[in-house]
file work-v8.cif (mmCIF, C-alpha atoms, pLDDT in the B column; chains and numbers go by the auth columns)
data_input
#
loop_
_atom_site.group_PDB
_atom_site.id
_atom_site.type_symbol
_atom_site.label_atom_id
_atom_site.label_comp_id
_atom_site.label_asym_id
_atom_site.label_seq_id
_atom_site.Cartn_x
_atom_site.Cartn_y
_atom_site.Cartn_z
_atom_site.B_iso_or_equiv
_atom_site.auth_seq_id
_atom_site.auth_asym_id
ATOM 1 C CA MET A 1 85.765 91.598 93.914 98.00 215 A
ATOM 2 C CA CYS A 2 82.727 93.910 93.969 98.00 216 A
ATOM 3 C CA LEU A 3 81.388 95.288 90.681 98.00 217 A
ATOM 4 C CA HIS A 4 79.197 98.380 90.678 98.00 218 A
ATOM 5 C CA GLY A 5 76.308 99.087 88.334 97.00 219 A
ATOM 6 C CA TRP A 6 75.803 101.530 85.483 96.00 220 A
ATOM 7 C CA LEU A 7 76.973 105.125 86.113 96.00 221 A
ATOM 8 C CA LEU A 8 78.085 104.318 89.663 96.00 222 A
ATOM 9 C CA SER A 9 81.580 103.751 91.087 96.00 223 A
ATOM 10 C CA GLY A 10 83.497 101.614 93.540 96.00 224 A
ATOM 11 C CA ARG A 11 82.514 103.904 96.437 94.00 225 A
ATOM 12 C CA LEU A 12 79.078 102.248 96.270 95.00 226 A
ATOM 13 C CA TRP A 13 80.577 99.382 98.281 97.00 227 A
ATOM 14 C CA GLN A 14 82.035 101.386 101.173 96.00 228 A
ATOM 15 C CA PRO A 15 79.233 100.489 103.652 96.00 229 A
ATOM 16 C CA LEU A 16 79.482 96.797 102.781 96.00 230 A
ATOM 17 C CA ARG A 17 83.240 96.861 103.183 95.00 231 A
ATOM 18 C CA ALA A 18 82.801 98.342 106.644 95.00 232 A
ATOM 19 C CA GLU A 19 80.572 95.394 107.518 95.00 233 A
ATOM 20 C CA LEU A 20 82.582 92.531 106.012 94.00 234 A
ATOM 21 C CA GLU A 21 86.204 93.520 106.578 92.00 235 A
ATOM 22 C CA PRO A 22 88.493 92.270 108.003 87.00 236 A
ATOM 23 C CA GLN A 23 86.818 88.855 107.798 90.00 237 A
ATOM 24 C CA TRP A 24 87.176 88.996 104.008 91.00 238 A
ATOM 25 C CA GLN A 25 89.457 91.049 101.808 93.00 239 A
ATOM 26 C CA ILE A 26 87.301 93.179 99.525 95.00 240 A
ATOM 27 C CA TRP A 27 88.334 94.954 96.335 97.00 241 A
ATOM 28 C CA SER A 28 85.826 97.351 94.799 97.00 242 A
ATOM 29 C CA PRO A 29 87.429 99.097 91.809 98.00 243 A
ATOM 30 C CA ASP A 30 85.935 101.774 89.603 98.00 244 A
ATOM 31 C CA LEU A 31 85.095 100.097 86.317 98.00 245 A
ATOM 32 C CA PRO A 32 86.929 101.629 83.339 98.00 246 A
ATOM 33 C CA GLY A 33 85.241 104.848 82.271 97.00 247 A
ATOM 34 C CA PHE A 34 83.466 105.327 85.597 97.00 248 A
ATOM 35 C CA GLY A 35 84.450 106.993 88.847 94.00 249 A
ATOM 36 C CA LEU A 36 88.120 107.914 88.603 94.00 250 A
ATOM 37 C CA ALA A 37 89.131 105.091 86.246 97.00 251 A
ATOM 38 C CA GLU A 38 89.952 105.800 82.627 96.00 252 A
ATOM 39 C CA ARG A 39 88.983 103.291 79.961 97.00 253 A
ATOM 40 C CA PRO A 40 92.103 101.719 78.428 94.00 254 A
ATOM 41 C CA ARG A 41 92.500 102.034 74.694 90.00 255 A
ATOM 42 C CA GLY A 42 91.222 98.855 73.112 92.00 256 A
ATOM 43 C CA LEU A 43 88.655 98.045 75.798 97.00 257 A
ATOM 44 C CA GLN A 44 85.352 98.031 73.956 97.00 258 A
ATOM 45 C CA PRO A 45 82.222 99.220 75.804 96.00 259 A
ATOM 46 C CA SER A 46 80.519 95.826 75.691 97.00 260 A
ATOM 47 C CA LEU A 47 79.569 93.243 78.305 97.00 261 A
ATOM 48 C CA ALA A 48 81.927 90.655 76.825 97.00 262 A
ATOM 49 C CA SER A 49 84.932 92.992 76.762 98.00 263 A
ATOM 50 C CA TYR A 50 84.302 94.308 80.261 98.00 264 A
ATOM 51 C CA GLY A 51 83.767 90.735 81.477 98.00 265 A
ATOM 52 C CA ARG A 52 87.227 89.779 80.211 98.00 266 A
ATOM 53 C CA TRP A 53 88.683 92.880 81.867 98.00 267 A
ATOM 54 C CA VAL A 54 87.057 91.904 85.182 98.00 268 A
ATOM 55 C CA ALA A 55 88.495 88.394 84.968 98.00 269 A
ATOM 56 C CA GLU A 56 91.996 89.648 84.174 98.00 270 A
ATOM 57 C CA GLU A 57 91.991 92.244 86.933 97.00 271 A
ATOM 58 C CA ALA A 58 90.502 89.785 89.432 97.00 272 A
ATOM 59 C CA ARG A 59 93.285 87.288 88.736 97.00 273 A
ATOM 60 C CA ARG A 60 95.917 89.980 89.100 96.00 274 A
ATOM 61 C CA GLN A 61 94.502 91.307 92.347 95.00 275 A
ATOM 62 C CA ALA A 62 93.873 87.888 93.892 95.00 276 A
ATOM 63 C CA ALA A 63 97.343 86.577 93.021 94.00 277 A
ATOM 64 C CA GLY A 64 96.214 82.964 92.938 93.00 278 A
ATOM 65 C CA ARG A 65 93.834 83.124 95.893 94.00 279 A
ATOM 66 C CA PRO A 66 90.193 81.960 95.626 95.00 280 A
ATOM 67 C CA LEU A 67 87.765 84.571 94.330 96.00 281 A
ATOM 68 C CA VAL A 68 84.151 85.508 94.977 97.00 282 A
ATOM 69 C CA LEU A 69 82.551 87.939 92.531 98.00 283 A
ATOM 70 C CA VAL A 70 79.874 90.314 93.841 98.00 284 A
ATOM 71 C CA GLY A 71 77.842 92.218 91.260 98.00 285 A
ATOM 72 C CA HIS A 72 75.247 94.951 91.597 98.00 286 A
ATOM 73 C CA SER A 73 72.761 95.564 88.783 97.00 287 A
ATOM 74 C CA LEU A 74 74.741 95.816 85.515 97.00 288 A
ATOM 75 C CA GLY A 75 77.779 94.689 87.490 98.00 289 A
ATOM 76 C CA GLY A 76 75.975 91.383 87.933 98.00 290 A
ATOM 77 C CA SER A 77 75.916 90.909 84.157 98.00 291 A
ATOM 78 C CA LEU A 78 79.641 91.628 84.040 98.00 292 A
ATOM 79 C CA ALA A 79 80.193 89.042 86.787 98.00 293 A
ATOM 80 C CA LEU A 80 78.394 86.424 84.694 98.00 294 A
ATOM 81 C CA HIS A 81 80.543 87.271 81.670 98.00 295 A
ATOM 82 C CA ALA A 82 83.706 87.092 83.778 98.00 296 A
ATOM 83 C CA ALA A 83 82.855 83.843 85.565 98.00 297 A
ATOM 84 C CA GLY A 84 83.712 81.567 82.654 95.00 298 A
ATOM 85 C CA HIS A 85 87.199 83.068 82.357 97.00 299 A
ATOM 86 C CA LEU A 86 88.127 82.447 85.993 97.00 300 A
ATOM 87 C CA GLU A 87 87.776 78.646 85.999 92.00 301 A
ATOM 88 C CA ASP A 88 88.649 77.008 89.344 95.00 302 A
ATOM 89 C CA GLN A 89 89.813 80.254 90.939 96.00 303 A
ATOM 90 C CA LEU A 90 86.182 81.384 91.194 98.00 304 A
ATOM 91 C CA VAL A 91 84.524 79.789 94.229 97.00 305 A
ATOM 92 C CA GLY A 92 81.291 81.780 94.552 97.00 306 A
ATOM 93 C CA LEU A 93 79.062 84.447 93.022 98.00 307 A
ATOM 94 C CA VAL A 94 76.843 87.014 94.783 98.00 308 A
ATOM 95 C CA GLN A 95 74.302 88.961 92.733 98.00 309 A
ATOM 96 C CA ILE A 96 72.565 92.019 94.205 98.00 310 A
ATOM 97 C CA ALA A 97 69.629 93.574 92.314 97.00 311 A
ATOM 98 C CA ALA A 98 70.860 91.693 89.258 97.00 312 A
ATOM 99 C CA GLY A 99 68.526 89.570 87.178 95.00 313 A
ATOM 100 C CA GLY A 100 66.590 89.574 83.933 93.00 314 A
ATOM 101 C CA GLY A 101 66.906 87.339 80.920 93.00 315 A
ATOM 102 C CA VAL A 102 63.494 88.419 79.560 92.00 316 A
ATOM 103 C CA TYR A 103 63.609 90.639 76.464 91.00 317 A
ATOM 104 C CA GLN A 104 61.091 93.494 76.534 90.00 318 A
ATOM 105 C CA PRO A 105 61.327 95.667 73.409 88.00 319 A
ATOM 106 C CA ARG A 106 59.169 98.624 74.445 90.00 320 A
ATOM 107 C CA PRO A 107 60.460 99.111 78.038 88.00 321 A
ATOM 108 C CA PHE A 108 64.047 98.681 76.878 90.00 322 A
ATOM 109 C CA ARG A 109 63.567 101.256 74.124 91.00 323 A
ATOM 110 C CA THR A 110 62.223 103.713 76.696 93.00 324 A
ATOM 111 C CA VAL A 111 65.177 103.168 79.043 91.00 325 A
ATOM 112 C CA ARG A 112 67.706 103.490 76.221 91.00 326 A
ATOM 113 C CA ARG A 113 66.204 106.801 75.179 94.00 327 A
ATOM 114 C CA GLY A 114 66.022 108.047 78.760 94.00 328 A
ATOM 115 C CA GLY A 115 69.597 107.017 79.476 95.00 329 A
ATOM 116 C CA ALA A 116 70.873 108.604 76.273 93.00 330 A
ATOM 117 C CA ALA A 117 69.020 111.838 77.079 95.00 331 A
ATOM 118 C CA PHE A 118 70.515 111.964 80.568 94.00 332 A
ATOM 119 C CA LEU A 119 74.024 111.416 79.239 95.00 333 A
ATOM 120 C CA ARG A 120 73.533 114.187 76.703 94.00 334 A
ATOM 121 C CA TRP A 121 72.062 116.778 79.050 94.00 335 A
ATOM 122 C CA ARG A 122 73.598 115.892 82.434 94.00 336 A
ATOM 123 C CA PRO A 123 74.845 118.992 84.277 93.00 337 A
ATOM 124 C CA ARG A 124 78.508 118.097 84.631 90.00 338 A
ATOM 125 C CA TRP A 125 79.271 121.321 86.461 89.00 339 A
ATOM 126 C CA LEU A 126 77.487 119.886 89.523 90.00 340 A
ATOM 127 C CA ALA A 127 80.396 117.476 89.972 88.00 341 A
ATOM 128 C CA GLU A 128 82.618 120.401 90.898 88.00 342 A
ATOM 129 C CA LEU A 129 80.467 121.477 93.839 88.00 343 A
ATOM 130 C CA PRO A 130 81.331 120.343 97.390 88.00 344 A
ATOM 131 C CA GLY A 131 79.169 117.609 98.870 80.00 345 A
ATOM 132 C CA THR A 132 78.260 116.032 95.530 83.00 346 A
ATOM 133 C CA GLU A 133 80.562 112.998 95.713 81.00 347 A
ATOM 134 C CA ALA A 134 77.685 110.533 95.291 76.00 348 A
ATOM 135 C CA LEU A 135 76.672 112.191 92.011 81.00 349 A
ATOM 136 C CA ARG A 136 80.103 112.618 90.490 90.00 350 A
ATOM 137 C CA SER A 137 80.326 109.286 88.714 93.00 351 A
ATOM 138 C CA PRO A 138 76.936 109.665 86.959 94.00 352 A
ATOM 139 C CA LEU A 139 77.878 113.195 85.956 95.00 353 A
ATOM 140 C CA THR A 140 81.429 112.483 84.801 95.00 354 A
ATOM 141 C CA ALA A 141 81.280 108.905 83.458 96.00 355 A
ATOM 142 C CA GLU A 142 82.865 108.580 80.034 97.00 356 A
ATOM 143 C CA LEU A 143 80.194 109.037 77.382 96.00 357 A
ATOM 144 C CA ARG A 144 81.267 106.156 75.150 96.00 358 A
ATOM 145 C CA ALA A 145 81.577 103.669 78.007 97.00 359 A
ATOM 146 C CA ALA A 146 78.257 104.652 79.569 97.00 360 A
ATOM 147 C CA ARG A 147 76.315 104.792 76.318 96.00 361 A
ATOM 148 C CA GLY A 148 77.883 101.618 74.953 96.00 362 A
ATOM 149 C CA LEU A 149 77.256 99.457 78.008 97.00 363 A
ATOM 150 C CA LEU A 150 73.676 100.692 78.314 95.00 364 A
ATOM 151 C CA ALA A 151 72.921 99.974 74.675 94.00 365 A
ATOM 152 C CA CYS A 152 74.609 96.593 74.415 94.00 366 A
ATOM 153 C CA SER A 153 73.091 95.306 77.661 95.00 367 A
ATOM 154 C CA MET A 154 69.606 95.667 76.198 93.00 368 A
ATOM 155 C CA THR A 155 70.001 94.010 72.820 94.00 369 A
ATOM 156 C CA ARG A 156 68.000 90.859 72.269 94.00 370 A
ATOM 157 C CA GLY A 157 71.156 88.769 72.049 95.00 371 A
ATOM 158 C CA ALA A 158 72.666 90.112 75.267 95.00 372 A
ATOM 159 C CA VAL A 159 69.445 89.602 77.214 95.00 373 A
ATOM 160 C CA GLN A 160 68.943 86.075 75.946 94.00 374 A
ATOM 161 C CA GLN A 161 72.570 85.232 76.731 97.00 375 A
ATOM 162 C CA LEU A 162 72.173 85.831 80.476 97.00 376 A
ATOM 163 C CA PRO A 163 70.248 82.608 81.244 97.00 377 A
ATOM 164 C CA ALA A 164 72.807 80.581 79.283 97.00 378 A
ATOM 165 C CA LEU A 165 75.706 82.163 81.189 98.00 379 A
ATOM 166 C CA THR A 166 73.913 81.569 84.489 98.00 380 A
ATOM 167 C CA ALA A 167 73.244 77.932 83.635 98.00 381 A
ATOM 168 C CA LYS A 168 76.980 77.416 83.001 97.00 382 A
ATOM 169 C CA LEU A 169 77.970 78.492 86.514 97.00 383 A
ATOM 170 C CA GLN A 170 80.056 75.852 88.252 95.00 384 A
ATOM 171 C CA VAL A 171 79.991 77.552 91.653 97.00 385 A
ATOM 172 C CA PRO A 172 77.268 78.262 94.252 97.00 386 A
ATOM 173 C CA SER A 173 75.528 81.612 93.892 98.00 387 A
ATOM 174 C CA LEU A 174 73.563 83.940 96.165 98.00 388 A
ATOM 175 C CA TRP A 175 70.932 86.243 94.641 98.00 389 A
ATOM 176 C CA ILE A 176 69.629 89.173 96.711 98.00 390 A
ATOM 177 C CA ALA A 177 66.630 91.225 95.606 98.00 391 A
ATOM 178 C CA GLY A 178 65.191 94.344 97.217 97.00 392 A
ATOM 179 C CA GLU A 179 61.534 93.980 98.108 97.00 393 A
ATOM 180 C CA ARG A 180 60.823 97.520 96.832 97.00 394 A
ATOM 181 C CA ASP A 181 63.157 97.477 93.845 96.00 395 A
ATOM 182 C CA GLN A 182 61.344 99.053 90.891 93.00 396 A
ATOM 183 C CA VAL A 183 64.367 98.946 88.592 93.00 397 A
ATOM 184 C CA MET A 184 65.105 95.225 88.832 95.00 398 A
ATOM 185 C CA GLU A 185 61.942 93.742 90.304 95.00 399 A
ATOM 186 C CA PRO A 186 62.411 90.672 92.526 97.00 400 A
ATOM 187 C CA ARG A 187 60.596 88.410 90.078 97.00 401 A
ATOM 188 C CA TYR A 188 63.294 89.072 87.452 97.00 402 A
ATOM 189 C CA VAL A 189 66.071 88.332 89.942 97.00 403 A
ATOM 190 C CA ARG A 190 64.336 85.105 90.926 98.00 404 A
ATOM 191 C CA HIS A 191 63.809 84.228 87.251 97.00 405 A
ATOM 192 C CA LEU A 192 67.490 84.472 86.349 98.00 406 A
ATOM 193 C CA ALA A 193 68.658 82.848 89.576 98.00 407 A
ATOM 194 C CA ALA A 194 66.611 79.765 88.747 97.00 408 A
ATOM 195 C CA TYR A 195 68.966 78.973 85.865 98.00 409 A
ATOM 196 C CA SER A 196 71.885 78.601 88.275 96.00 410 A
ATOM 197 C CA PRO A 197 72.422 74.946 89.229 91.00 411 A
ATOM 198 C CA GLU A 198 73.278 75.722 92.874 94.00 412 A
ATOM 199 C CA HIS A 199 71.684 78.973 93.972 97.00 413 A
ATOM 200 C CA ARG A 200 69.927 80.686 96.869 98.00 414 A
ATOM 201 C CA PHE A 201 67.456 83.534 96.478 98.00 415 A
ATOM 202 C CA GLU A 202 66.925 86.052 99.286 98.00 416 A
ATOM 203 C CA LEU A 203 64.343 88.857 99.371 98.00 417 A
ATOM 204 C CA LEU A 204 65.467 91.832 101.437 97.00 418 A
ATOM 205 C CA ALA A 205 62.518 93.511 103.171 96.00 419 A
ATOM 206 C CA GLY A 206 62.173 97.248 102.672 96.00 420 A
ATOM 207 C CA ALA A 207 65.127 97.546 100.287 97.00 421 A
ATOM 208 C CA GLY A 208 65.162 99.161 96.861 97.00 422 A
ATOM 209 C CA HIS A 209 67.625 98.987 93.993 96.00 423 A
ATOM 210 C CA LEU A 210 70.634 100.154 96.050 95.00 424 A
ATOM 211 C CA PRO A 211 70.510 98.059 99.226 96.00 425 A
ATOM 212 C CA VAL A 212 74.256 98.205 99.897 95.00 426 A
ATOM 213 C CA GLY A 213 73.822 101.737 101.258 90.00 427 A
ATOM 214 C CA ARG A 214 71.065 102.023 103.842 91.00 428 A
ATOM 215 C CA HIS A 215 70.663 98.248 104.131 96.00 429 A
ATOM 216 C CA ALA A 216 74.360 97.373 104.287 97.00 430 A
ATOM 217 C CA ALA A 217 74.064 95.505 107.598 97.00 431 A
ATOM 218 C CA PRO A 218 71.365 92.989 106.505 97.00 432 A
ATOM 219 C CA VAL A 219 73.045 92.552 103.114 98.00 433 A
ATOM 220 C CA ALA A 220 76.340 91.831 104.859 97.00 434 A
ATOM 221 C CA ALA A 221 74.623 89.390 107.204 96.00 435 A
ATOM 222 C CA LEU A 222 73.162 87.465 104.264 97.00 436 A
ATOM 223 C CA ILE A 223 76.505 87.345 102.477 97.00 437 A
ATOM 224 C CA SER A 224 78.468 86.488 105.624 95.00 438 A
ATOM 225 C CA THR A 225 76.155 83.613 106.539 96.00 439 A
ATOM 226 C CA TRP A 226 76.157 82.279 102.995 97.00 440 A
ATOM 227 C CA LEU A 227 79.940 82.444 102.677 96.00 441 A
ATOM 228 C CA THR A 228 80.343 80.611 105.968 94.00 442 A
ATOM 229 C CA GLU A 229 77.898 77.915 104.888 94.00 443 A
ATOM 230 C CA GLN A 230 79.904 77.467 101.701 92.00 444 A
ATOM 231 C CA GLY A 231 83.038 76.989 103.797 91.00 445 A
ATOM 232 C CA LEU A 232 84.614 80.172 102.441 83.00 446 A
ATOM 233 C CA GLY A 233 85.464 82.007 105.649 67.00 447 A
ATOM 234 C CA GLY A 234 84.443 83.154 109.135 50.00 448 A
ATOM 235 C CA SER A 235 81.388 85.065 110.282 40.00 449 A
ATOM 236 C CA GLY A 236 80.607 88.371 111.960 39.00 450 A
ATOM 237 C CA ALA A 237 80.269 91.949 110.803 36.00 451 A
ATOM 238 C CA GLY A 238 81.590 95.328 111.716 36.00 452 A
ATOM 239 C CA ALA A 239 80.001 98.712 112.031 33.00 453 A
ATOM 240 C CA SER A 240 77.245 99.755 109.666 33.00 454 A
ATOM 241 C CA GLY A 241 77.485 102.709 107.318 33.00 455 A
ATOM 242 C CA ALA A 242 75.727 104.526 104.520 34.00 456 A
ATOM 243 C CA VAL A 243 76.622 106.750 101.612 34.00 457 A
ATOM 244 C CA GLY A 244 74.687 108.888 99.226 39.00 458 A
ATOM 245 C CA GLU A 245 74.233 106.345 96.415 41.00 459 A
ATOM 246 C CA ASP A 246 70.960 105.265 98.024 42.00 460 A
ATOM 247 C CA ASP A 247 69.683 108.806 97.492 39.00 461 A
ATOM 248 C CA LEU A 248 70.395 109.130 93.771 42.00 462 A
ATOM 249 C CA LEU A 249 67.668 110.610 91.648 35.00 463 A
ATOM 250 C CA PRO A 250 64.870 108.167 90.688 38.00 464 A
ATOM 251 C CA ALA A 251 65.620 108.912 87.052 37.00 465 A
ATOM 252 C CA LEU A 252 69.151 107.573 87.486 40.00 466 A
ATOM 253 C CA GLN A 253 67.858 104.495 89.302 39.00 467 A
ATOM 254 C CA SER A 254 65.399 103.716 86.538 39.00 468 A
ATOM 255 C CA ALA A 255 68.213 103.774 83.985 39.00 469 A
ATOM 256 C CA ALA A 256 70.823 102.025 86.123 39.00 470 A
ATOM 257 C CA SER A 257 69.899 98.481 85.149 41.00 471 A
ATOM 258 C CA PRO A 258 66.849 97.649 83.073 41.00 472 A
ATOM 259 C CA ARG A 259 65.419 94.152 83.277 44.00 473 A
ATOM 260 C CA SER A 260 68.092 92.724 81.003 43.00 474 A
#
call {"tool": "encode", "arguments": {"input": "work-v8.cif", "output": "structure tokens"}}
result
Amino acid sequence: MCLHGWLLSGRLWQPLRAELEPQWQIWSPDLPGFGLAERPRGLQPSLASYGRWVAEEARRQAAGRPLVLVGHSLGGSLALHAAGHLEDQLVGLVQIAAGGGVYQPRPFRTVRRGGAAFLRWRPRWLAELPGTEALRSPLTAELRAARGLLACSMTRGAVQQLPALTAKLQVPSLWIAGERDQVMEPRYVRHLAAYSPEHRFELLAGAGHLPVGRHAAPVAALISTWLTEQGLGGSGAGASGAVGEDDLLPALQSAASPRS
């Protein structure tokens, strides 16, 4: 199950799916309130609530089969919150551009304000124009879901909870950082990964915060090799691909996942 980051959608994973299927069955849903998915009544825009939703949907989709969670950016935080609810059904965790655990009041305040300003002033009419598929989720994401997840992910408590959740992992984990990622710098990915009892850290040369687009092939190779070494499946990859998420505006990237 692949979990996208803030303001993005499940289409982020299309290039990676092209590389990894049919060796592994991949499910990459739109998170509630993003993409084409509505947020169910009662689902609170918090990491804990979304983590429970991920676990419930993962169980339903997997129908008893073993699960590997793959999270990008904020989706990585949701994967950590979901992991404890999946018990023995979870057999592995892959984190891409997901890290943090270090509370930084001033940078977080700046990102919160920038994210809130974007949500308030975003030109939603652009989503109606042809050829803007990659921008539609940022432009049309539900306000409450987007604002709530951004705010709650940068509270002191939420940030300090990430190392504790990582330390509780009972499964092997793979952490991939983009060498040129200026949103979630590699040192923060490495920092959080170190709390995981059985982890591997990989630095992807030349990649930024959205490596599953232009760098889908090397990301898939890292994941495929790691899964095989964990005894979770075969090896090999299909054709490479790319979508427009890797070309999102720098302002969106800087708000997508602060170092939380």
call {"tool": "resolve_selection", "arguments": {"input": "work-v8.cif", "expression": "the PyMOL selection byres ((chain A and resi 385) around 10)", "output": "list in words"}}
result
Val282, Ala297, Glu301, Asp302, Leu304, Val305, Gly306, Leu307, Lys382, Leu383, Gln384, Pro386, Ser387, Ser410, Pro411, Glu412 and His413 of chain A
call {"tool": "atom_distance", "arguments": {"input": "work-v8.cif", "atom1": "atom CA of A:Met215", "atom2": "atom CA of A:Tyr317"}}
result
28.2 Å
call {"tool": "atom_distance", "arguments": {"input": "work-v8.cif", "atom1": "atom CA of A:Pro425", "atom2": "atom CA of A:Gly224"}}
result
14.6 Å
call {"tool": "resolve_selection", "arguments": {"input": "work-v8.cif", "expression": "the PyMOL selection byres ((chain A and resi 240) around 10)", "output": "number ranges by chain"}}
result
A: 215-216, 227-228, 230-232, 234-239, 241-243, 282-284
call {"tool": "closest_residue", "arguments": {"input": "work-v8.cif", "among": "A:Arg279, A:Arg394, A:Arg255, A:Arg327", "to": "A:Ala359", "atoms": "only C-alpha atoms"}}
result
A:Arg255
call {"tool": "axis_aligned_box", "arguments": {"input": "work-v8.cif", "around": "stretch 252-265 of chain A", "padding_each_side": "3 Å", "output": "AutoDock Vina command-line options"}}
result
--center_x 86.0 --center_y 98.2 --center_z 77.9 --size_x 18.9 --size_y 21.1 --size_z 15.5
call {"tool": "residues_around", "arguments": {"input": "work-v8.cif", "residues": "A:Leu333", "least_positions_apart": "4", "cutoff": "10 Å", "atoms": "all atoms listed in the file", "output": "list in words"}}
result
Leu221, Arg327, Gly328, Gly329, Pro337, Arg338, Pro352, Leu353, Thr354, Ala355, Glu356, Leu357, Arg358, Ala360 and Arg361 of chain A
call {"tool": "residues_around", "arguments": {"input": "work-v8.cif", "residues": "A:Trp220", "least_positions_apart": "4", "cutoff": "12 Å", "atoms": "only C-alpha atoms", "output": "number ranges by chain"}}
result
A: 224, 226, 244-249, 259, 261, 285-292, 312, 329, 333, 351-353, 355-357, 359-365, 367, 424, 466-472
call {"tool": "closest_residue", "arguments": {"input": "work-v8.cif", "among": "A:Ala434, A:Trp267, A:His218, A:Thr439", "to": "A:Pro254", "atoms": "only C-alpha atoms"}}
result
A:Trp267
call {"tool": "atom_distance", "arguments": {"input": "work-v8.cif", "atom1": "atom CA of A:Ala348", "atom2": "atom CA of A:Arg274"}}
result
28.2 Å
call {"tool": "residues_around", "arguments": {"input": "work-v8.cif", "residues": "A:Leu436", "least_positions_apart": "5", "cutoff": "9 Å", "atoms": "all atoms listed in the file", "output": "JSON, numbers by chain"}}
result
{"A": [388, 390, 416, 431, 441]}
call {"tool": "write_last_selection", "arguments": {"input": "work-v8.cif", "atoms": "C-alpha atoms", "output": "compact mmCIF listing (two decimals), in the frame of the given file"}}
result
# COMPACT_ATOMS: atom_id res chain seq x y z
CA LEU A 388 73.56 83.94 96.16
CA ILE A 390 69.63 89.17 96.71
CA GLU A 416 66.92 86.05 99.29
CA ALA A 431 74.06 95.50 107.60
CA LEU A 441 79.94 82.44 102.68
call {"tool": "residues_near_point", "arguments": {"input": "work-v8.cif", "point": "(72.5, 82.1, 80.4)", "cutoff": "12 Å", "atoms": "all atoms listed in the file", "output": "PDB file with C-alpha atoms, in the coordinates of the input"}}
result
ATOM      1  CA  SER A 291      75.916  90.909  84.157  1.00 98.00           C
ATOM      2  CA  LEU A 294      78.394  86.424  84.694  1.00 98.00           C
ATOM      3  CA  HIS A 295      80.543  87.271  81.670  1.00 98.00           C
ATOM      4  CA  ALA A 297      82.855  83.843  85.565  1.00 98.00           C
ATOM      5  CA  GLY A 298      83.712  81.567  82.654  1.00 95.00           C
ATOM      6  CA  GLY A 313      68.526  89.570  87.178  1.00 95.00           C
ATOM      7  CA  GLY A 314      66.590  89.574  83.933  1.00 93.00           C
ATOM      8  CA  GLY A 315      66.906  87.339  80.920  1.00 93.00           C
ATOM      9  CA  VAL A 316      63.494  88.419  79.560  1.00 92.00           C
ATOM     10  CA  GLY A 371      71.156  88.769  72.049  1.00 95.00           C
ATOM     11  CA  ALA A 372      72.666  90.112  75.267  1.00 95.00           C
ATOM     12  CA  VAL A 373      69.445  89.602  77.214  1.00 95.00           C
ATOM     13  CA  GLN A 374      68.943  86.075  75.946  1.00 94.00           C
ATOM     14  CA  GLN A 375      72.570  85.232  76.731  1.00 97.00           C
ATOM     15  CA  LEU A 376      72.173  85.831  80.476  1.00 97.00           C
ATOM     16  CA  PRO A 377      70.248  82.608  81.244  1.00 97.00           C
ATOM     17  CA  ALA A 378      72.807  80.581  79.283  1.00 97.00           C
ATOM     18  CA  LEU A 379      75.706  82.163  81.189  1.00 98.00           C
ATOM     19  CA  THR A 380      73.913  81.569  84.489  1.00 98.00           C
ATOM     20  CA  ALA A 381      73.244  77.932  83.635  1.00 98.00           C
ATOM     21  CA  LYS A 382      76.980  77.416  83.001  1.00 97.00           C
ATOM     22  CA  LEU A 383      77.970  78.492  86.514  1.00 97.00           C
ATOM     23  CA  HIS A 405      63.809  84.228  87.251  1.00 97.00           C
ATOM     24  CA  LEU A 406      67.490  84.472  86.349  1.00 98.00           C
ATOM     25  CA  ALA A 407      68.658  82.848  89.576  1.00 98.00           C
ATOM     26  CA  ALA A 408      66.611  79.765  88.747  1.00 97.00           C
ATOM     27  CA  TYR A 409      68.966  78.973  85.865  1.00 98.00           C
ATOM     28  CA  SER A 410      71.885  78.601  88.275  1.00 96.00           C
ATOM     29  CA  PRO A 411      72.422  74.946  89.229  1.00 91.00           C
ATOM     30  CA  SER A 474      68.092  92.724  81.003  1.00 43.00           C
TER      31      SER A 474
END
call {"tool": "closest_residue", "arguments": {"input": "work-v8.cif", "among": "A:Arg336, A:Arg350, A:Arg414, A:Arg428", "to": "A:Gln444", "atoms": "all atoms listed in the file"}}
result
A:Arg414
call {"tool": "resolve_selection", "arguments": {"input": "work-v8.cif", "expression": "the PyMOL selection byres ((chain A and resi 399) around 10)", "output": "MDAnalysis selection string"}}
result
chainID A and resid 311:314 391:398 400:404 422:423 472:473
call {"tool": "closest_residue", "arguments": {"input": "work-v8.cif", "among": "A:His429, A:His299, A:Arg253, A:Arg370", "to": "A:Gln318", "atoms": "all atoms listed in the file"}}
result
A:Arg370
call {"tool": "closest_residue", "arguments": {"input": "work-v8.cif", "among": "A:Gly219, A:Pro280, A:Trp339, A:Pro321", "to": "A:Gly445", "atoms": "all atoms listed in the file"}}
result
A:Pro280
